[in-house]
$ cat target_36.txt   # compact mmCIF, C-alpha atoms
# COMPACT_ATOMS: atom_id res chain seq x y z
CA MET A 5 -13.86 -2.93 -18.57
CA THR A 6 -15.88 -5.19 -16.29
CA ARG A 7 -14.17 -7.77 -14.09
CA GLY A 8 -15.43 -11.24 -14.91
CA ALA A 9 -16.22 -10.32 -18.52
CA ARG A 10 -15.95 -13.21 -20.97
CA ALA A 11 -13.34 -12.50 -23.60
CA LEU A 12 -11.95 -13.86 -26.83
CA VAL A 13 -8.12 -13.55 -26.85
CA LEU A 14 -6.59 -13.40 -30.34
CA CYS A 15 -2.90 -13.43 -31.19
CA PRO A 16 -2.26 -12.20 -34.76
CA ASP A 17 0.85 -13.88 -36.21
CA ILE A 18 1.84 -11.35 -38.86
CA LYS A 19 4.25 -12.84 -41.37
CA ALA A 20 5.80 -9.48 -42.23
CA LEU A 21 6.90 -8.88 -38.62
CA ARG A 22 9.68 -10.46 -36.59
CA TYR A 23 8.84 -11.42 -33.02
CA ASP A 24 11.15 -12.19 -30.09
CA LEU A 25 8.60 -14.66 -28.70
CA ASP A 26 6.91 -17.34 -30.76
CA ALA A 27 3.15 -17.20 -31.30
CA THR A 28 2.35 -19.75 -28.57
CA ASP A 29 4.29 -17.81 -25.94
CA ARG A 30 2.76 -14.51 -27.08
CA LEU A 31 -0.72 -15.98 -26.79
CA ALA A 32 0.08 -17.30 -23.30
CA GLU A 33 1.34 -13.85 -22.29
CA ALA A 34 -1.82 -12.20 -23.67
CA GLU A 35 -3.92 -14.66 -21.66
CA GLY A 36 -1.85 -13.78 -18.59
CA LEU A 37 -2.52 -10.08 -19.14
CA ALA A 38 -6.26 -10.77 -19.40
CA LEU A 39 -6.26 -12.91 -16.25
CA ALA A 40 -4.32 -10.19 -14.42
CA ILE A 41 -7.35 -7.92 -14.63
CA GLY A 42 -9.94 -10.55 -13.78
CA ILE A 43 -11.18 -11.32 -17.31
CA VAL A 44 -12.58 -14.79 -18.02
CA ILE A 45 -10.99 -16.26 -21.15
CA ALA A 46 -13.82 -17.84 -23.11
CA HIS A 47 -11.65 -18.82 -26.08
CA SER A 48 -8.20 -18.02 -27.45
CA ALA A 49 -6.56 -18.54 -30.83
CA ILE A 50 -3.53 -17.73 -32.98
CA LEU A 51 -4.51 -16.18 -36.32
CA PRO A 52 -1.91 -16.17 -39.12
CA VAL A 53 -1.97 -12.84 -41.01
CA ARG A 54 -0.25 -13.01 -44.40
CA LYS A 55 -1.24 -9.47 -45.34
CA MET A 56 -2.43 -6.85 -42.89
CA GLN A 57 -5.76 -5.36 -43.90
CA PRO A 58 -5.80 -1.57 -43.30
CA ASN A 59 -9.47 -1.58 -42.30
CA THR A 60 -9.66 -4.59 -39.95
CA LEU A 61 -6.11 -6.06 -39.70
CA PHE A 62 -7.59 -9.55 -40.25
CA GLY A 63 -8.98 -10.87 -43.53
CA SER A 64 -12.76 -10.89 -44.09
CA GLY A 65 -12.98 -14.67 -43.60
CA GLN A 66 -11.10 -14.43 -40.29
CA VAL A 67 -13.41 -11.64 -39.11
CA GLU A 68 -16.40 -13.89 -39.86
CA ASN A 69 -14.79 -16.72 -37.87
CA ILE A 70 -14.16 -14.36 -34.94
CA ALA A 71 -17.85 -13.34 -35.02
CA VAL A 72 -18.87 -17.02 -34.91
CA TRP A 73 -16.52 -17.67 -31.96
CA CYS A 74 -18.01 -14.70 -30.11
CA GLU A 75 -21.48 -16.22 -30.48
CA GLN A 76 -20.39 -19.76 -29.66
CA HIS A 77 -18.48 -18.79 -26.52
CA GLU A 78 -20.77 -15.92 -25.47
CA ALA A 79 -17.83 -13.51 -25.46
CA GLU A 80 -18.62 -9.87 -24.78
CA LEU A 81 -15.06 -8.63 -25.30
CA VAL A 82 -12.39 -9.27 -27.96
CA ILE A 83 -8.73 -8.80 -27.02
CA VAL A 84 -6.22 -8.50 -29.89
CA ASP A 85 -2.62 -9.05 -28.80
CA GLY A 86 -1.17 -6.41 -31.09
CA ALA A 87 -1.52 -2.78 -32.04
CA LEU A 88 -4.78 -1.74 -33.70
CA SER A 89 -5.23 1.58 -35.43
CA PRO A 90 -8.32 3.59 -34.41
CA ILE A 91 -9.98 2.71 -37.74
CA GLN A 92 -9.26 -1.01 -37.35
CA GLN A 93 -10.61 -0.99 -33.82
CA ARG A 94 -13.80 0.83 -34.82
CA ASN A 95 -14.42 -1.41 -37.87
CA LEU A 96 -13.91 -4.59 -35.84
CA GLU A 97 -16.37 -3.35 -33.21
CA ASP A 98 -18.91 -2.53 -35.93
CA ARG A 99 -18.64 -6.00 -37.49
CA LEU A 100 -18.38 -8.05 -34.31
CA LYS A 101 -20.88 -5.99 -32.25
CA ARG A 102 -18.47 -6.40 -29.35
CA LYS A 103 -16.04 -4.16 -27.52
CA VAL A 104 -12.54 -4.63 -29.01
CA ILE A 105 -9.35 -3.76 -27.16
CA ASP A 106 -5.73 -4.09 -28.30
CA ARG A 107 -2.57 -4.90 -26.33
CA THR A 108 -1.85 -1.29 -25.42
CA GLY A 109 -5.39 -0.73 -24.18
CA LEU A 110 -5.27 -3.92 -22.10
CA ILE A 111 -1.97 -3.00 -20.43
CA LEU A 112 -3.30 0.48 -19.73
CA GLU A 113 -6.35 -1.08 -18.07
CA ILE A 114 -4.10 -3.18 -15.82
CA PHE A 115 -1.92 -0.21 -14.91
CA GLY A 116 -5.02 1.88 -14.21
CA GLU A 117 -6.33 -0.73 -11.79
CA ARG A 118 -2.99 -1.37 -10.06
CA ALA A 119 -1.74 2.22 -9.58
CA ALA A 120 -1.78 2.73 -5.82
CA THR A 121 0.11 6.00 -5.33
CA ALA A 122 -0.76 9.49 -6.51
CA GLU A 123 2.28 9.39 -8.80
CA GLY A 124 1.25 6.07 -10.33
CA ARG A 125 -2.25 7.36 -11.00
CA LEU A 126 -0.87 10.51 -12.65
CA GLN A 127 1.36 8.43 -14.92
CA VAL A 128 -1.43 6.05 -15.89
CA GLU A 129 -3.87 8.86 -16.61
CA LEU A 130 -1.34 10.61 -18.83
CA ALA A 131 -0.71 7.39 -20.76
CA HIS A 132 -4.49 6.78 -21.08
CA LEU A 133 -5.14 10.27 -22.44
CA ASP A 134 -2.27 9.98 -24.93
CA TYR A 135 -3.77 6.70 -26.13
CA GLN A 136 -7.35 7.97 -26.26
CA GLN A 137 -6.87 11.24 -28.09
CA SER A 138 -6.39 9.51 -31.47
CA ARG A 139 -9.43 7.29 -30.84
CA LEU A 140 -12.03 9.94 -30.08
CA VAL A 141 -13.61 9.39 -33.51
CA ARG A 142 -15.01 6.10 -32.15
CA SER A 143 -17.14 7.91 -29.60
CA TRP A 144 -18.89 10.21 -32.05
CA THR A 145 -19.77 8.11 -35.07
CA HIS A 146 -23.45 8.84 -34.53
CA LEU A 147 -22.97 12.58 -35.13
CA GLU A 148 -22.72 14.39 -38.44
CA ARG A 149 -19.12 14.89 -39.52
CA GLN A 150 -19.64 16.40 -42.98
CA ARG A 151 -18.43 19.86 -43.93
CA GLY A 152 -21.08 22.43 -43.00
CA GLY A 153 -21.97 25.87 -44.38
CA PHE A 154 -21.76 29.36 -42.93
CA GLY A 155 -17.98 29.25 -42.64
CA PHE A 156 -17.86 26.20 -40.31
CA LEU A 157 -15.29 23.54 -41.20
CA GLY A 158 -17.30 20.66 -39.77
CA GLY A 159 -20.62 19.57 -38.43
CA PRO A 160 -21.52 19.12 -34.75
CA GLY A 161 -19.66 15.82 -34.54
CA GLU A 162 -16.44 17.39 -35.69
CA THR A 163 -16.98 20.26 -33.24
CA GLN A 164 -17.49 17.85 -30.33
CA ILE A 165 -14.42 15.82 -31.27
CA GLU A 166 -12.26 18.95 -31.43
CA ALA A 167 -13.64 20.16 -28.09
CA ASP A 168 -12.82 16.81 -26.48
CA ARG A 169 -9.35 16.78 -28.01
CA ARG A 170 -8.71 20.27 -26.69
CA MET A 171 -9.82 19.21 -23.19
CA ILE A 172 -7.55 16.16 -23.36
CA ARG A 173 -4.58 18.27 -24.47
CA GLN A 174 -5.18 20.71 -21.61
CA ARG A 175 -5.45 17.89 -19.08
CA MET A 176 -2.26 16.27 -20.45
CA THR A 177 -0.41 19.58 -20.09
CA ARG A 178 -1.48 19.79 -16.42
CA LEU A 179 -0.48 16.16 -15.80
CA ARG A 180 2.94 16.71 -17.36
CA ARG A 181 3.48 19.71 -15.08
CA GLU A 182 2.51 17.63 -12.05
CA LEU A 183 4.79 14.77 -13.14
CA GLU A 184 7.63 17.25 -13.63
CA GLN A 185 7.13 18.22 -10.01
CA VAL A 186 7.25 14.51 -9.12
CA ARG A 187 10.59 14.24 -10.95
CA LYS A 188 11.94 17.21 -8.99
CA THR A 189 10.75 15.69 -5.72
CA ARG A 190 12.37 12.36 -6.64
CA ALA A 191 15.58 14.21 -7.49
CA LEU A 192 15.55 15.84 -4.04
CA HIS A 193 14.98 12.45 -2.40
CA ARG A 194 17.86 10.99 -4.40
CA GLU A 195 20.04 13.92 -3.39
CA ARG A 196 19.24 13.27 0.25
CA ARG A 197 19.96 9.56 -0.20
CA GLY A 198 23.17 10.56 -1.97
CA ARG A 199 24.25 12.54 1.10
CA ALA A 200 23.56 9.47 3.21
CA PRO A 201 26.15 6.70 2.95
CA TRP A 202 23.71 3.98 1.89
CA PRO A 203 24.15 2.26 -1.46
CA VAL A 204 21.09 1.54 -3.62
CA ILE A 205 20.32 -1.87 -5.16
CA ALA A 206 17.62 -1.97 -7.84
CA LEU A 207 15.63 -5.05 -8.84
CA VAL A 208 14.68 -5.17 -12.52
CA GLY A 209 13.26 -7.91 -14.68
CA TYR A 210 10.47 -9.09 -16.93
CA THR A 211 7.04 -8.98 -15.38
CA ASN A 212 6.26 -12.03 -13.21
CA ALA A 213 9.95 -12.98 -12.95
CA GLY A 214 9.64 -13.00 -9.15
CA LYS A 215 11.10 -9.59 -8.24
CA SER A 216 8.54 -8.81 -5.54
CA THR A 217 8.86 -12.27 -3.99
CA LEU A 218 12.64 -11.81 -3.86
CA PHE A 219 12.15 -8.29 -2.49
CA ASN A 220 9.99 -9.69 0.31
CA ARG A 221 12.52 -12.44 0.99
CA LEU A 222 15.42 -9.96 1.28
CA THR A 223 13.59 -7.28 3.27
CA GLY A 224 10.94 -9.15 5.25
CA ALA A 225 8.39 -6.77 3.69
CA ASP A 226 4.91 -7.69 2.54
CA VAL A 227 4.79 -6.22 -0.96
CA MET A 228 2.08 -7.73 -3.18
CA ALA A 229 3.65 -10.76 -4.87
CA GLU A 230 1.34 -12.99 -6.87
CA ASP A 231 1.61 -15.16 -9.96
CA LEU A 232 0.22 -12.31 -12.05
CA LEU A 233 1.64 -10.04 -14.72
CA PHE A 234 2.25 -6.55 -13.30
CA ALA A 235 1.43 -7.56 -9.72
CA THR A 236 3.67 -4.65 -8.68
CA LEU A 237 3.27 -1.27 -10.32
CA ASP A 238 4.44 1.43 -7.92
CA PRO A 239 8.13 1.33 -6.91
CA THR A 240 8.91 0.29 -3.35
CA MET A 241 12.06 0.88 -1.31
CA ARG A 242 13.19 -0.78 1.91
CA ALA A 243 16.38 -0.82 3.97
CA ILE A 244 18.29 -4.09 4.17
CA SER A 245 21.54 -5.17 5.81
CA LEU A 246 24.18 -7.24 4.02
CA PRO A 247 27.35 -8.97 5.23
CA GLY A 248 29.83 -6.14 5.89
CA VAL A 249 27.30 -3.52 4.80
CA GLU A 250 25.32 -2.06 7.68
CA LYS A 251 22.57 -0.64 5.50
CA ALA A 252 21.58 -0.61 1.84
CA ILE A 253 18.40 0.50 0.05
CA LEU A 254 16.62 -2.15 -2.05
CA SER A 255 14.29 -0.83 -4.75
CA ASP A 256 11.57 -2.92 -6.44
CA THR A 257 10.50 -1.58 -9.85
CA VAL A 258 7.66 -2.12 -12.32
CA GLY A 259 8.12 -5.24 -14.43
CA PHE A 260 9.13 -4.92 -18.08
CA ILE A 261 7.26 -6.62 -20.91
CA SER A 262 7.65 -7.06 -24.66
CA ASP A 263 6.05 -4.32 -26.78
CA LEU A 264 5.51 -2.10 -23.75
CA PRO A 265 3.32 0.74 -25.03
CA THR A 266 5.33 3.86 -25.85
CA GLN A 267 2.82 5.91 -23.87
CA LEU A 268 3.73 3.94 -20.75
CA VAL A 269 7.48 4.11 -21.30
CA ALA A 270 7.21 7.91 -21.50
CA ALA A 271 4.77 8.25 -18.60
CA PHE A 272 6.72 5.94 -16.27
CA ARG A 273 10.12 7.40 -17.02
CA ALA A 274 10.10 9.19 -13.65
CA THR A 275 9.73 5.81 -11.94
CA LEU A 276 12.23 4.00 -14.15
CA GLU A 277 14.80 6.75 -13.59
CA GLU A 278 15.28 5.35 -10.08
CA VAL A 279 17.18 2.48 -11.69
CA THR A 280 19.71 4.88 -13.26
CA PHE A 281 20.87 6.00 -9.80
CA ALA A 282 21.44 2.52 -8.40
CA ASP A 283 24.88 1.28 -7.32
CA ILE A 284 24.01 -2.30 -8.37
CA ILE A 285 21.24 -3.70 -10.57
CA LEU A 286 19.91 -7.20 -9.87
CA HIS A 287 18.34 -8.52 -13.08
CA VAL A 288 15.85 -11.17 -11.94
CA ARG A 289 15.11 -13.81 -14.58
CA ASP A 290 12.48 -16.57 -14.57
CA MET A 291 14.62 -19.53 -15.64
CA ALA A 292 11.61 -21.88 -15.56
CA ASN A 293 10.13 -19.93 -18.47
CA ALA A 294 11.10 -21.33 -21.88
CA SER A 295 11.20 -17.76 -23.28
CA ASN A 296 13.61 -16.40 -20.66
CA ALA A 297 16.25 -15.50 -23.29
CA ALA A 298 13.73 -13.38 -25.22
CA GLN A 299 12.57 -11.82 -21.96
CA LYS A 300 16.17 -10.91 -21.11
CA LYS A 301 16.48 -9.17 -24.48
CA GLN A 302 13.40 -7.06 -23.72
CA VAL A 303 14.82 -6.02 -20.33
CA ILE A 304 18.18 -5.09 -21.88
CA GLU A 305 16.38 -2.97 -24.50
CA VAL A 306 14.55 -1.01 -21.78
CA LEU A 307 17.83 -0.54 -19.89
CA GLY A 308 19.29 0.64 -23.19
CA ASP A 309 16.48 3.22 -23.48
CA LEU A 310 17.53 4.45 -20.03
CA ASP A 311 21.17 4.75 -21.24
CA ILE A 312 22.32 2.15 -18.70
CA VAL A 313 23.29 -0.55 -21.18
CA ASP A 314 24.89 -0.18 -24.61
CA THR A 315 22.72 -2.65 -26.54
CA ASP A 316 25.42 -3.03 -29.23
CA THR A 317 28.35 -3.92 -26.94
CA GLY A 318 26.42 -5.12 -23.88
CA GLU A 319 28.50 -2.85 -21.64
CA SER A 320 26.74 -1.29 -18.67
CA THR A 321 27.38 1.92 -16.74
CA ILE A 322 26.09 0.21 -13.58
CA PRO A 323 27.21 -3.27 -12.42
CA ILE A 324 24.49 -5.83 -13.25
CA VAL A 325 24.13 -9.22 -11.56
CA GLU A 326 21.84 -11.76 -13.18
CA VAL A 327 19.66 -13.52 -10.61
CA TRP A 328 18.38 -16.80 -12.04
CA ASN A 329 15.12 -17.28 -10.15
CA LYS A 330 12.52 -20.07 -9.86
CA CYS A 331 15.14 -22.82 -9.98
CA ASP A 332 12.89 -24.81 -7.62
CA LEU A 333 10.47 -25.35 -10.53
CA LEU A 334 13.11 -27.30 -12.49
CA ASP A 335 13.97 -30.98 -12.15
CA ALA A 336 17.26 -32.03 -10.55
CA GLU A 337 19.06 -32.60 -13.87
CA SER A 338 18.04 -29.19 -15.22
CA GLN A 339 19.12 -27.55 -11.97
CA ASP A 340 22.59 -29.13 -12.24
CA GLU A 341 22.96 -27.91 -15.82
CA LEU A 342 21.76 -24.44 -14.86
CA ARG A 343 24.14 -24.29 -11.90
CA ALA A 344 27.09 -25.01 -14.19
CA MET A 345 25.94 -22.30 -16.59
CA ALA A 346 25.44 -19.84 -13.73
CA GLU A 347 29.04 -20.33 -12.61
CA LEU A 348 30.23 -19.82 -16.17
CA HIS A 349 28.25 -16.59 -16.65
CA GLY A 350 28.70 -15.19 -13.15
CA ALA A 351 24.98 -15.46 -12.36
CA VAL A 352 23.45 -16.37 -9.00
CA MET A 353 20.85 -19.18 -8.87
CA VAL A 354 18.05 -18.62 -6.37
CA SER A 355 14.54 -19.57 -5.44
CA ALA A 356 12.80 -16.55 -3.95
CA VAL A 357 10.01 -18.84 -2.72
CA THR A 358 12.17 -21.36 -0.81
CA GLY A 359 15.09 -19.04 -0.03
CA GLU A 360 17.63 -21.28 -1.76
CA GLY A 361 20.64 -19.27 -2.96
CA VAL A 362 19.49 -16.00 -1.34
CA ALA A 363 22.41 -16.00 1.12
CA ALA A 364 24.83 -16.38 -1.80
CA LEU A 365 23.11 -13.45 -3.53
CA GLU A 366 23.50 -11.30 -0.42
CA ASP A 367 27.20 -12.22 -0.26
CA ARG A 368 27.66 -11.32 -3.94
CA ALA A 369 25.94 -7.95 -3.54
CA ALA A 370 27.94 -7.17 -0.41
CA ALA A 371 31.21 -8.10 -2.12
CA MET A 372 30.40 -5.81 -5.04
CA LEU A 373 29.53 -2.93 -2.75
CA THR A 374 32.68 -3.33 -0.66
CA GLY A 375 34.97 -4.53 -3.44
CA THR A 376 36.16 -1.02 -4.27
CA ALA A 377 36.87 -0.18 -0.63
CA ARG A 378 40.35 0.90 0.38
CA GLU A 379 42.06 1.51 3.69
CA VAL A 380 42.26 5.12 4.86
CA THR A 381 43.79 6.43 8.08
CA PHE A 382 42.29 9.41 9.93
CA THR A 383 43.75 11.16 12.95
CA LEU A 384 40.82 12.73 14.78
CA PRO A 385 40.28 14.58 18.05
CA VAL A 386 38.74 12.38 20.72
CA SER A 387 36.26 15.20 21.32
CA GLU A 388 34.85 14.61 17.82
CA GLY A 389 33.23 11.35 18.88
CA ARG A 390 30.56 11.48 16.17
CA HIS A 391 33.27 11.35 13.47
CA ILE A 392 34.71 8.18 14.97
CA ALA A 393 31.26 6.71 15.59
CA TRP A 394 30.34 7.34 11.92
CA LEU A 395 33.44 5.46 10.73
CA HIS A 396 32.57 2.52 12.99
CA ALA A 397 28.98 2.50 11.71
CA HIS A 398 29.68 2.81 8.01
CA GLY A 399 33.12 1.34 7.41
CA GLU A 400 35.22 -1.62 8.47
CA VAL A 401 37.56 -0.32 11.18
CA VAL A 402 40.86 -2.19 10.80
CA ALA A 403 42.79 -0.51 13.62
CA GLU A 404 42.29 2.19 16.21
CA GLU A 405 44.84 3.62 18.68
CA ASP A 406 45.78 6.70 20.67
CA ALA A 407 47.69 9.31 18.67
CA GLY A 408 48.93 11.54 21.48
CA GLU A 409 48.07 15.18 22.00
CA GLY A 410 47.13 17.61 19.27
CA ASP A 411 45.97 21.21 18.99
CA ALA A 412 42.40 20.01 19.72
CA GLY A 413 43.42 17.80 22.65
CA PRO A 414 43.81 13.99 22.79
CA MET A 415 43.79 12.37 19.33
CA ARG A 416 42.78 8.95 17.97
CA ARG A 417 44.23 7.30 14.87
CA VAL A 418 41.59 5.25 13.02
CA THR A 419 42.36 3.03 10.03
CA VAL A 420 39.17 2.08 8.21
CA ARG A 421 38.10 0.47 4.94
CA LEU A 422 35.70 2.71 2.95
CA ASN A 423 34.44 2.54 -0.60
CA PRO A 424 34.65 5.73 -2.72
CA LYS A 425 31.03 6.65 -2.02
CA GLU A 426 31.43 6.34 1.75
CA LEU A 427 34.70 8.26 1.62
CA GLY A 428 32.95 11.05 -0.26
CA GLN A 429 30.12 11.01 2.29
CA PHE A 430 32.58 11.35 5.16
CA ALA A 431 34.31 14.28 3.48
CA THR A 432 30.96 15.96 2.78
CA LEU A 433 29.48 15.43 6.23
CA PHE A 434 32.55 16.27 8.31
$ encode --input "target_36.txt" --output "structure tokens"
Amino acid sequence: MTRGARALVLCPDIKALRYDLDATDRLAEAEGLALAIGIVIAHSAILPVRKMQPNTLFGSGQVENIAVWCEQHEAELVIVDGALSPIQQRNLEDRLKRKVIDRTGLILEIFGERAATAEGRLQVELAHLDYQQSRLVRSWTHLERQRGGFGFLGGPGETQIEADRRMIRQRMTRLRRELEQVRKTRALHRERRGRAPWPVIALVGYTNAGKSTLFNRLTGADVMAEDLLFATLDPTMRAISLPGVEKAILSDTVGFISDLPTQLVAAFRATLEEVTFADIILHVRDMANASNAAQKKQVIEVLGDLDIVDTDTGESTIPIVEVWNKCDLLDAESQDELRAMAELHGAVMVSAVTGEGVAALEDRAAAMLTGTAREVTFTLPVSEGRHIAWLHAHGEVVAEEDAGEGDAGPMRRVTVRLNPKELGQFATLF
């Protein structure tokens, strides 16, 4: 797909389907996806579909209108914000004489362009191949595909398609093996982090909710943060300090989106699994977006797929704090109403751009991380200075005094507040 290509963006509004977002918002999101990859939107439209046509999705009259729009607006690409079957995609391309791409293909294009790490590229390639293998027929329509003689089941076209499919399957097998190694490596990294006493805080949210901007605000990092869908693809981790917490790990994840292609959910599971090992999840929401409630539902569904949230009861295995972002884009009256609602629902209102509310968010996260702490008293040999130094570095020392002589020489009695994780770390390390 060429950057700067002129495209027609179509949002089919299928009466038989139920959508979380209304047609206007879905069209706006599709336009955002197109802009995210540098496509010029020549024209966009919502097309009501009373009955899905198996060969083209749209009715014949609508297809004719689309062809006219392509000519009028000099569009070389047609983007359909929905799922097209391989047959529908091929037939539309035949009739429109234009390249046609559906929502899954568009998101895959974005992910392919944005993947910066070796892991990200592996995941995107696997998702691409999974998507392409059912669409190979489109590449070989010029070859004979009739049953041949002499014991062959198909003509040269069929043979080429099968050869390509076999190559794709072999490549997918290799990619899955490599991604399995990535999972094992991630597991080792998590195990190492688990032996360290640092809690993990994961940022999740709908794409373009402001996660990366908040990440930069909290860490002082320079992660790409633009007003684009999927500006961040590869996960990023940085150390931060919080009130009463010397060090914590903040993790920025890929943004969620409605109707995320199943190929991507499967391919990016290794990345998303990072969220399942967090001590706290910060769910960043764009409260300036009129569809923020529907976006929240999509995020909860993905967290449900990861077995973090029970979508029926709403209960979570990991504490979740809602971070209501972009409050600076609201007028004063709306901000006052939102602030009252935030207090009622236990959410934290912030503006990642201006920094408003970020200190309160840090206090909330710190309180949650230290809220389960309890006082423990250790009597340690003075000669074991690293034990005492560790307690000072990772806990809140309440009292410290001489404890006389012991078998190992002079002793110190240290009373310290530690949460269960830190207590376990101390027991494991020493």
$ closest_atom_pairs --input "target_36.txt" --of "stretch 37-70 of chain A" --to "stretch 18-22 of chain A" --cutoff "10 Å" --atoms "only C-alpha atoms" --output "tab-separated table"
residue	atom	partner	partner_atom	distance
A:Leu51	CA	A:Ile18	CA	8.4
A:Pro52	CA	A:Ile18	CA	6.1
A:Val53	CA	A:Ile18	CA	4.6
A:Arg54	CA	A:Lys19	CA	5.4
A:Lys55	CA	A:Ile18	CA	7.4
A:Met56	CA	A:Ile18	CA	7.4
A:Leu61	CA	A:Ile18	CA	9.6
A:Phe62	CA	A:Ile18	CA	9.7
$ closest_residue --input "target_36.txt" --among "A:Val67, A:Ile304, A:Ala79, A:Leu192" --to "A:Leu96" --atoms "all atoms listed in the file"
A:Val67
$ atom_distance --input "target_36.txt" --atom1 "atom CA of A:Gly124" --atom2 "atom CA of A:Leu183"
9.8 Å
$ atom_distance --input "target_36.txt" --atom1 "atom CA of A:Pro203" --atom2 "atom CA of A:Gly350"
21.5 Å
$ atom_distance --input "target_36.txt" --atom1 "atom CA of A:Arg99" --atom2 "atom CA of A:Gln136"
21.2 Å
$ residues_around --input "target_36.txt" --residues "A:Asp98" --least-positions-apart "2" --cutoff "12 Å" --atoms "all atoms listed in the file" --output "list in words"
Asn59, Thr60, Val67, Ala71, Ile91, Gln92, Gln93, Arg94, Asn95, Leu96, Leu100, Lys101, Arg102, Lys103, Val104, Arg142 and Thr145 of chain A
$ residues_around --input "target_36.txt" --residues "A:Gly259" --least-positions-apart "6" --cutoff "7 Å" --atoms "all atoms listed in the file" --output "ChimeraX atom specification"
/A:208-211,234
$ write_last_selection --input "target_36.txt" --atoms "C-alpha atoms" --output "tab-separated table (two decimals), in the coordinates of the input"
chain	number	residue	atom	x	y	z
A	208	VAL	CA	14.68	-5.17	-12.52
A	209	GLY	CA	13.26	-7.91	-14.68
A	210	TYR	CA	10.47	-9.09	-16.93
A	211	THR	CA	7.04	-8.98	-15.38
A	234	PHE	CA	2.25	-6.55	-13.30
$ closest_residue --input "target_36.txt" --among "A:Ala213, A:Ala351, A:Ala344, A:Leu334" --to "A:Val288" --atoms "only C-alpha atoms"
A:Ala213
$ closest_residue --input "target_36.txt" --among "A:Lys330, A:Leu179, A:Val258, A:Glu366" --to "A:Thr223" --atoms "only C-alpha atoms"
A:Glu366
$ closest_residue --input "target_36.txt" --among "A:Ala369, A:Ala294, A:Val327, A:Ile312" --to "A:Leu254" --atoms "only C-alpha atoms"
A:Ala369
$ residues_near_point --input "target_36.txt" --point "(22.9, -8.3, 2.6)" --cutoff "6 Å" --atoms "all atoms listed in the file" --output "PyMOL selection string"
chain A and resi 245-247+366+370
$ residues_around --input "target_36.txt" --residues "A:Ile392" --least-positions-apart "2" --cutoff "10 Å" --atoms "all atoms listed in the file" --output "list of chain:residue names"
A:Phe382, A:Thr383, A:Leu384, A:Pro385, A:Val386, A:Ser387, A:Glu388, A:Gly389, A:Arg390, A:Trp394, A:Leu395, A:His396, A:Ala397, A:Val401, A:Glu404, A:Arg416, A:Arg417, A:Val418
$ residues_around --input "target_36.txt" --residues "A:Asp367" --least-positions-apart "6" --cutoff "12 Å" --atoms "all atoms listed in the file" --output "number ranges by chain"
A: 245-249, 352, 361, 373-375
$ residues_around --input "target_36.txt" --residues "A:Val402" --least-positions-apart "5" --cutoff "9 Å" --atoms "all atoms listed in the file" --output "NGL selection string"
:A and (379 or 418-421)
$ closest_residue --input "target_36.txt" --among "A:Ile253, A:Val279, A:Leu81, A:Ala356" --to "A:Asp332" --atoms "all atoms listed in the file"
A:Ala356
$ closest_residue --input "target_36.txt" --among "A:Leu14, A:Ala191, A:Ile261, A:Val357" --to "A:Glu305" --atoms "all atoms listed in the file"
A:Ile261
